[in-house]
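Structure first, then comments.
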Amino acid sequence: MWGIPSIPYGEEKFNMWGPVTSTLNWCEEDYVITSYCAEFINTFTNLIFLYVSLRGVWNCYKEQHDKVFLVAWLSFMVVGVGSFLFHATLWYSMQLVDELSMINTTLVMWFATFAHKKSTVFSWIFATLLVSILGVVASVYHYLGDPVFHQNVYTLLTVIVLVRSWYLLYTQVRTAAPEDYRNMQALIFMGLACLAAAFTLWNIDTVFCGELIGWRRWLGLPWGFFLEGHGHWHLLSGLGGYYYITYGLYLRYCLEKRQSEYELVWPSTFTSLPYVRKRRTPQVTNGNGAGATKKDL
């Protein structure tokens with residue numbers, strides 16, 4: 001023992017949810033905290049998804065944002081619920097809810113990005129295509145049963161929509177609204193930093209699982225919780241997803257040159273979460289849609 005008061009890890013307890021049917025089982029030891037939750041930290045760190053999603057849903061309702069972003073927040077919430085149930089039970093059915101809702105959220109952002117300013121006919125055709133893609137991915141994934149397939153598809157879809165949104169930001173916002181461009185760059189940086197850190201900790205948790213289990217048992221509870229890398233993945237990817245959807249929302253207003261109506265509010269880069277709201281101060285706009293308060297003028 002290392003000298004600081006701690007509670008020893010116990011042995012695996014009675015399995016309340018039956019046999020493990022998932023194709024993935026992470027590094028956290030199963031049922032060592034309670035019989036009602038297979039992976040305790042991996043389960044409850046998913047509350048970050050529920051928290052940021054509820055913030056997003058309320059913001060959409062209060063500020064009357066485009067409904068596609070409300071759908072994005074609700075889909076992101078399902079990611080958290082599915083992952084919570086997956087890690088609590090280690091059931092394959094809950095694994096599918098978790099992983100396919102990740103694909104679904106990304107496809108919603110595809111619609112928000114690629115169908116913007118398109119005709120109604122195009123939007124309906126594109127939406128049908130995206131639903132078909134989700135169905136094909138779900139069918140193939142269920143047939144293969146290989147998590148690597150899901151990870152590769154999710155990464156590919158995410159990279160494509162990110163590159164498209166960056167292209168729009170660079171070509172249509174950088175010159176027209178430099179201040180908004182800088183703020184959006186900060187959003188991108190924070191989102192990518194969270195995702196990069198999450199991915200790194202996830203891989204450390206996978207590669208050095210045996211060593212980490214030994215260190216956790218040496219530290220005891222609750223200190224061993226801090227070495228649960230997949231739990232950190234949840235916390236950081238939840239924040240990264242929040243930054244990205246918020247970025248997509250404000251990019252929409254920048255592309256529509258409606259910054260005189262809506263503003264990105266971010267009091268502190270590292271101690272607060274950004275959000276988009278209707279402006280509380282009257283604005284006058286320049287020819288590019290970027291606004292300045294009457295006080296600034």
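Numbering starts fresh at 1 for the residues of each chain in the structure tokens, the chains themselves are lettered A, B, ... in the order given, and ligands are numbered from 1 as they appear.
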
Q: For Leu85 of chain A, list every protein, DNA or RNA residue within 12 Å, evaluated using only C-alpha atoms, and leave out those in the same chain fewer than 5 positions away; present the list as a list in words.
A: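 With the cut-off at 12 Å, the set is Trp17, Ser22, Tyr36, Cys37, Ala38, Glu39, Phe40, Asn42, Thr43, Phe44, Thr45, Asn46, Leu47, Val78, Val79, Gly80, Leu90, Trp91, Tyr92, Ser93, Met94, Gln95, Leu96, Val97, Asp98 and Glu99 of chain A.
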
Given only C-alpha atoms, how would the per-residue table for segment 50-151 of chain A near segment 251-263 of chain A read, listing every residue at most 12 Å away with its closest atom pair and distance in Å to one decimal, sorted by chain and number, as CSV?
residue,atom,partner,partner_atom,distance
A:Glu63,CA,A:Tyr262,CA,9.0
A:Gln64,CA,A:Tyr262,CA,10.7
A:His65,CA,A:Tyr253,CA,9.7
A:Asp66,CA,A:Arg252,CA,9.2
A:Val68,CA,A:Arg252,CA,11.0
A:Phe69,CA,A:Arg252,CA,10.2
A:Met109,CA,A:Arg252,CA,11.4
A:Ala112,CA,A:Arg252,CA,8.4
A:Thr113,CA,A:Arg252,CA,8.3
A:Phe114,CA,A:Arg252,CA,11.2
A:Ala115,CA,A:Arg252,CA,11.3
A:His116,CA,A:Arg252,CA,8.1
A:Lys117,CA,A:Glu256,CA,9.0

Let me see the file: selected residues, N, CA and C atoms, as a CSV table (one decimal), in the first residue's frame.
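This is the output file again-v7.csv:
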chain,number,residue,atom,x,y,z
A,63,GLU,N,-33.2,29.3,-27.9
A,63,GLU,CA,-32.8,30.3,-28.9
A,63,GLU,C,-33.3,30.0,-30.3
A,64,GLN,N,-34.2,29.0,-30.4
A,64,GLN,CA,-34.9,28.7,-31.7
A,64,GLN,C,-33.9,28.4,-32.8
A,65,HIS,N,-32.9,27.6,-32.6
A,65,HIS,CA,-32.0,27.2,-33.6
A,65,HIS,C,-32.6,26.2,-34.6
A,66,ASP,N,-32.0,26.0,-35.7
A,66,ASP,CA,-32.4,25.1,-36.7
A,66,ASP,C,-32.7,23.7,-36.1
A,68,VAL,N,-32.3,20.8,-37.2
A,68,VAL,CA,-31.3,19.7,-37.4
A,68,VAL,C,-30.3,19.6,-36.3
A,69,PHE,N,-30.0,20.8,-35.6
A,69,PHE,CA,-29.1,20.7,-34.5
A,69,PHE,C,-29.8,20.2,-33.2
A,109,MET,N,-24.8,15.4,-38.7
A,109,MET,CA,-23.9,16.6,-39.0
A,109,MET,C,-23.6,16.6,-40.5
A,112,ALA,N,-26.5,18.5,-41.9
A,112,ALA,CA,-26.4,19.9,-41.5
A,112,ALA,C,-25.3,20.6,-42.4
A,113,THR,N,-24.3,19.9,-42.8
A,113,THR,CA,-23.2,20.5,-43.5
A,113,THR,C,-23.4,20.5,-45.0
A,114,PHE,N,-23.7,19.3,-45.5
A,114,PHE,CA,-23.8,19.2,-47.0
A,114,PHE,C,-25.1,19.6,-47.6
A,115,ALA,N,-26.2,19.6,-46.8
A,115,ALA,CA,-27.5,19.9,-47.4
A,115,ALA,C,-27.9,21.4,-47.1
A,116,HIS,N,-27.0,22.1,-46.5
A,116,HIS,CA,-27.3,23.5,-46.2
A,116,HIS,C,-27.4,24.4,-47.5
A,117,LYS,N,-28.5,25.2,-47.6
A,117,LYS,CA,-28.7,26.0,-48.7
A,117,LYS,C,-29.1,25.2,-50.0

Q) In segment 110-145 of chain A, what's alpha helix (DSSP H) per DSSP? Answer as a VMD selection string? A) chain A and resid 110 to 114 120 to 144

Dump N, CA and C atoms for the selected residues as a PDB file, in the first residue's frame?
ATOM      1  N   TRP A 110     -23.566  15.482 -41.152  1.00  0.00           N
ATOM      2  CA  TRP A 110     -23.416  15.467 -42.612  1.00  0.00           C
ATOM      3  C   TRP A 110     -24.571  16.234 -43.251  1.00  0.00           C
ATOM      4  N   PHE A 111     -25.782  15.940 -42.804  1.00  0.00           N
ATOM      5  CA  PHE A 111     -26.945  16.624 -43.372  1.00  0.00           C
ATOM      6  C   PHE A 111     -26.866  18.121 -43.113  1.00  0.00           C
ATOM      7  N   ALA A 112     -26.494  18.499 -41.887  1.00  0.00           N
ATOM      8  CA  ALA A 112     -26.393  19.918 -41.548  1.00  0.00           C
ATOM      9  C   ALA A 112     -25.343  20.622 -42.397  1.00  0.00           C
ATOM     10  N   THR A 113     -24.299  19.917 -42.774  1.00  0.00           N
ATOM     11  CA  THR A 113     -23.183  20.521 -43.509  1.00  0.00           C
ATOM     12  C   THR A 113     -23.389  20.495 -45.012  1.00  0.00           C
ATOM     13  N   PHE A 114     -23.744  19.332 -45.543  1.00  0.00           N
ATOM     14  CA  PHE A 114     -23.806  19.175 -46.999  1.00  0.00           C
ATOM     15  C   PHE A 114     -25.136  19.607 -47.608  1.00  0.00           C
ATOM     16  N   THR A 120     -35.167  21.704 -51.540  1.00  0.00           N
ATOM     17  CA  THR A 120     -35.940  20.731 -50.767  1.00  0.00           C
ATOM     18  C   THR A 120     -35.802  19.332 -51.349  1.00  0.00           C
ATOM     19  N   VAL A 121     -35.813  19.245 -52.675  1.00  0.00           N
ATOM     20  CA  VAL A 121     -35.676  17.940 -53.330  1.00  0.00           C
ATOM     21  C   VAL A 121     -34.325  17.319 -52.990  1.00  0.00           C
ATOM     22  N   PHE A 122     -33.264  18.110 -53.107  1.00  0.00           N
ATOM     23  CA  PHE A 122     -31.934  17.599 -52.776  1.00  0.00           C
ATOM     24  C   PHE A 122     -31.881  17.151 -51.324  1.00  0.00           C
ATOM     25  N   SER A 123     -32.443  17.935 -50.423  1.00  0.00           N
ATOM     26  CA  SER A 123     -32.399  17.610 -48.997  1.00  0.00           C
ATOM     27  C   SER A 123     -33.082  16.286 -48.705  1.00  0.00           C
ATOM     28  N   TRP A 124     -34.242  16.056 -49.348  1.00  0.00           N
ATOM     29  CA  TRP A 124     -34.952  14.796 -49.134  1.00  0.00           C
ATOM     30  C   TRP A 124     -34.167  13.610 -49.701  1.00  0.00           C
ATOM     31  N   ILE A 125     -33.598  13.794 -50.870  1.00  0.00           N
ATOM     32  CA  ILE A 125     -32.806  12.708 -51.471  1.00  0.00           C
ATOM     33  C   ILE A 125     -31.575  12.423 -50.619  1.00  0.00           C
ATOM     34  N   PHE A 126     -30.921  13.483 -50.172  1.00  0.00           N
ATOM     35  CA  PHE A 126     -29.708  13.316 -49.365  1.00  0.00           C
ATOM     36  C   PHE A 126     -30.039  12.669 -48.025  1.00  0.00           C
ATOM     37  N   ALA A 127     -31.139  13.071 -47.407  1.00  0.00           N
ATOM     38  CA  ALA A 127     -31.555  12.455 -46.142  1.00  0.00           C
ATOM     39  C   ALA A 127     -31.832  10.962 -46.328  1.00  0.00           C
ATOM     40  N   THR A 128     -32.479  10.619 -47.439  1.00  0.00           N
ATOM     41  CA  THR A 128     -32.748   9.209 -47.733  1.00  0.00           C
ATOM     42  C   THR A 128     -31.447   8.433 -47.906  1.00  0.00           C
ATOM     43  N   LEU A 129     -30.484   9.049 -48.587  1.00  0.00           N
ATOM     44  CA  LEU A 129     -29.176   8.420 -48.768  1.00  0.00           C
ATOM     45  C   LEU A 129     -28.491   8.174 -47.427  1.00  0.00           C
ATOM     46  N   LEU A 130     -28.559   9.153 -46.526  1.00  0.00           N
ATOM     47  CA  LEU A 130     -27.903   9.010 -45.225  1.00  0.00           C
ATOM     48  C   LEU A 130     -28.565   7.919 -44.387  1.00  0.00           C
ATOM     49  N   VAL A 131     -29.890   7.854 -44.440  1.00  0.00           N
ATOM     50  CA  VAL A 131     -30.595   6.780 -43.721  1.00  0.00           C
ATOM     51  C   VAL A 131     -30.196   5.423 -44.295  1.00  0.00           C
ATOM     52  N   SER A 132     -30.032   5.354 -45.607  1.00  0.00           N
ATOM     53  CA  SER A 132     -29.613   4.102 -46.255  1.00  0.00           C
ATOM     54  C   SER A 132     -28.196   3.718 -45.821  1.00  0.00           C
ATOM     55  N   ILE A 133     -27.313   4.720 -45.733  1.00  0.00           N
ATOM     56  CA  ILE A 133     -25.946   4.452 -45.274  1.00  0.00           C
ATOM     57  C   ILE A 133     -25.959   3.890 -43.866  1.00  0.00           C
ATOM     58  N   LEU A 134     -26.772   4.485 -42.994  1.00  0.00           N
ATOM     59  CA  LEU A 134     -26.869   3.984 -41.618  1.00  0.00           C
ATOM     60  C   LEU A 134     -27.359   2.541 -41.605  1.00  0.00           C
ATOM     61  N   GLY A 135     -28.354   2.251 -42.426  1.00  0.00           N
ATOM     62  CA  GLY A 135     -28.881   0.884 -42.483  1.00  0.00           C
ATOM     63  C   GLY A 135     -27.854  -0.107 -42.991  1.00  0.00           C
ATOM     64  N   VAL A 136     -27.100   0.274 -44.026  1.00  0.00           N
ATOM     65  CA  VAL A 136     -26.071  -0.618 -44.576  1.00  0.00           C
ATOM     66  C   VAL A 136     -24.968  -0.853 -43.551  1.00  0.00           C
ATOM     67  N   VAL A 137     -24.514   0.226 -42.903  1.00  0.00           N
ATOM     68  CA  VAL A 137     -23.457   0.092 -41.893  1.00  0.00           C
ATOM     69  C   VAL A 137     -23.919  -0.815 -40.761  1.00  0.00           C
ATOM     70  N   ALA A 138     -25.154  -0.616 -40.304  1.00  0.00           N
ATOM     71  CA  ALA A 138     -25.680  -1.444 -39.217  1.00  0.00           C
ATOM     72  C   ALA A 138     -25.747  -2.913 -39.632  1.00  0.00           C
ATOM     73  N   SER A 139     -26.205  -3.171 -40.850  1.00  0.00           N
ATOM     74  CA  SER A 139     -26.339  -4.555 -41.320  1.00  0.00           C
ATOM     75  C   SER A 139     -24.983  -5.235 -41.472  1.00  0.00           C
ATOM     76  N   VAL A 140     -24.046  -4.531 -42.109  1.00  0.00           N
ATOM     77  CA  VAL A 140     -22.714  -5.106 -42.311  1.00  0.00           C
ATOM     78  C   VAL A 140     -22.011  -5.321 -40.980  1.00  0.00           C
ATOM     79  N   TYR A 141     -22.140  -4.348 -40.085  1.00  0.00           N
ATOM     80  CA  TYR A 141     -21.483  -4.464 -38.772  1.00  0.00           C
ATOM     81  C   TYR A 141     -22.049  -5.640 -37.985  1.00  0.00           C
ATOM     82  N   HIS A 142     -23.370  -5.791 -38.029  1.00  0.00           N
ATOM     83  CA  HIS A 142     -23.984  -6.912 -37.310  1.00  0.00           C
ATOM     84  C   HIS A 142     -23.535  -8.242 -37.900  1.00  0.00           C
ATOM     85  N   TYR A 143     -23.387  -8.281 -39.222  1.00  0.00           N
ATOM     86  CA  TYR A 143     -22.951  -9.517 -39.888  1.00  0.00           C
ATOM     87  C   TYR A 143     -21.495  -9.838 -39.558  1.00  0.00           C
ATOM     88  N   LEU A 144     -20.629  -8.850 -39.637  1.00  0.00           N
ATOM     89  CA  LEU A 144     -19.202  -9.080 -39.388  1.00  0.00           C
ATOM     90  C   LEU A 144     -18.890  -9.260 -37.907  1.00  0.00           C
TER      91      LEU A 144
END

Q: Extract, using only C-alpha atoms, all DNA, RNA and protein residues at most 9 Å from Leu227 of chain A, discarding same-chain residues fewer than 2 positions from it, and format them as a VMD selection string.
A: chain A and resid 205 212 to 213 215 to 216 223 to 225 229 to 232

Q | Coordinates-based distance that separates atom CA of Val265 of chain A from atom CA of Leu195 of chain A (Å, one decimal) | A |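 We find that atom CA of Leu195 of chain A and atom CA of Val265 of chain A lie 21.9 Å from each other.
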
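With only C-alpha atoms taken into account, the protein and nucleic acid residues at most 10 Å from Tyr170 of chain A (excluding it and anything under 5 positions from it in its own chain) are A:Arg164, A:Ser165, A:Thr175, A:Ala176, A:Tyr181, A:Gln185.
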
Q.
As an exercise, work out the distance from atom CA of Thr23 of chain A to atom CA of His150 of chain A in Å and give it to one decimal place.
A.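 So the two atoms, atom CA of Thr23 of chain A and atom CA of His150 of chain A, lie 11.8 Å apart.
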
**Q.** Near-Pro267 of chain A list (12 Å; only C-alpha atoms; drop same-chain fewer than 6 positions) as a VMD selection string
**A.** chain A and resid 183 273 to 276

**Q.** strand (DSSP E or B) call set, DSSP backbone run, segment 104-296 of chain A, as a list in words
**A.**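 Strand (DSSP E or B) assignments inside segment 104-296 of chain A correspond to Leu221, Tyr262, Glu263, Leu264, Val265, Tyr275, Val276, Arg277, Lys278, Gln283, Val284, Thr285, Gly291, Ala292 and Thr293 of chain A.
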
Now that the selection is made, can you save its residues with C-alpha atoms as a short mmCIF file (atom, residue, chain, number, x, y, z; two decimals), in the first residue's frame?
data_model
loop_
_atom_site.label_atom_id
_atom_site.label_comp_id
_atom_site.auth_asym_id
_atom_site.auth_seq_id
_atom_site.Cartn_x
_atom_site.Cartn_y
_atom_site.Cartn_z
CA LEU A 221 -10.14 2.88 -4.31
CA TYR A 262 -26.70 35.47 -33.10
CA GLU A 263 -23.44 35.43 -31.17
CA LEU A 264 -21.01 32.84 -29.85
CA VAL A 265 -20.70 33.24 -26.08
CA TYR A 275 -22.91 28.35 -26.64
CA VAL A 276 -24.77 30.26 -29.33
CA ARG A 277 -27.55 32.68 -28.45
CA LYS A 278 -29.55 35.53 -29.89
CA GLN A 283 -26.19 45.39 -33.77
CA VAL A 284 -25.47 47.13 -37.01
CA THR A 285 -23.88 45.04 -39.70
CA GLY A 291 -21.78 42.87 -36.66
CA ALA A 292 -20.53 45.43 -34.22
CA THR A 293 -22.36 46.64 -31.13
#

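Closest approach to Leu235 of chain A from the set A:Leu54, A:Ile33, A:Ala198, A:Leu219 is made by A:Ala198, with distances taken over only C-alpha atoms.
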
Q.
I'd like the neighbourhood of Ala72 of chain A as a ChimeraX atom specification, where a residue qualifies if any of its atoms comes within 6 Å (using only C-alpha atoms), though same-chain residues fewer than 3 positions away should be ignored.
A. /A:69,75,105,108

Q) Smallest atom-to-atom distance to Leu24 of chain A: which of A:Ser119, A:Pro147, A:Leu100, A:Gly3, using only C-alpha atoms? A)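 The closest residue to Leu24 of chain A is A:Pro147.
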
Q | Best match for closeness to Trp202 of chain A among A:Arg279, A:Lys13, A:Lys62, A:His234, counting only C-alpha atoms | A |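 Counting only C-alpha atoms, the residue closest to Trp202 of chain A is A:His234.
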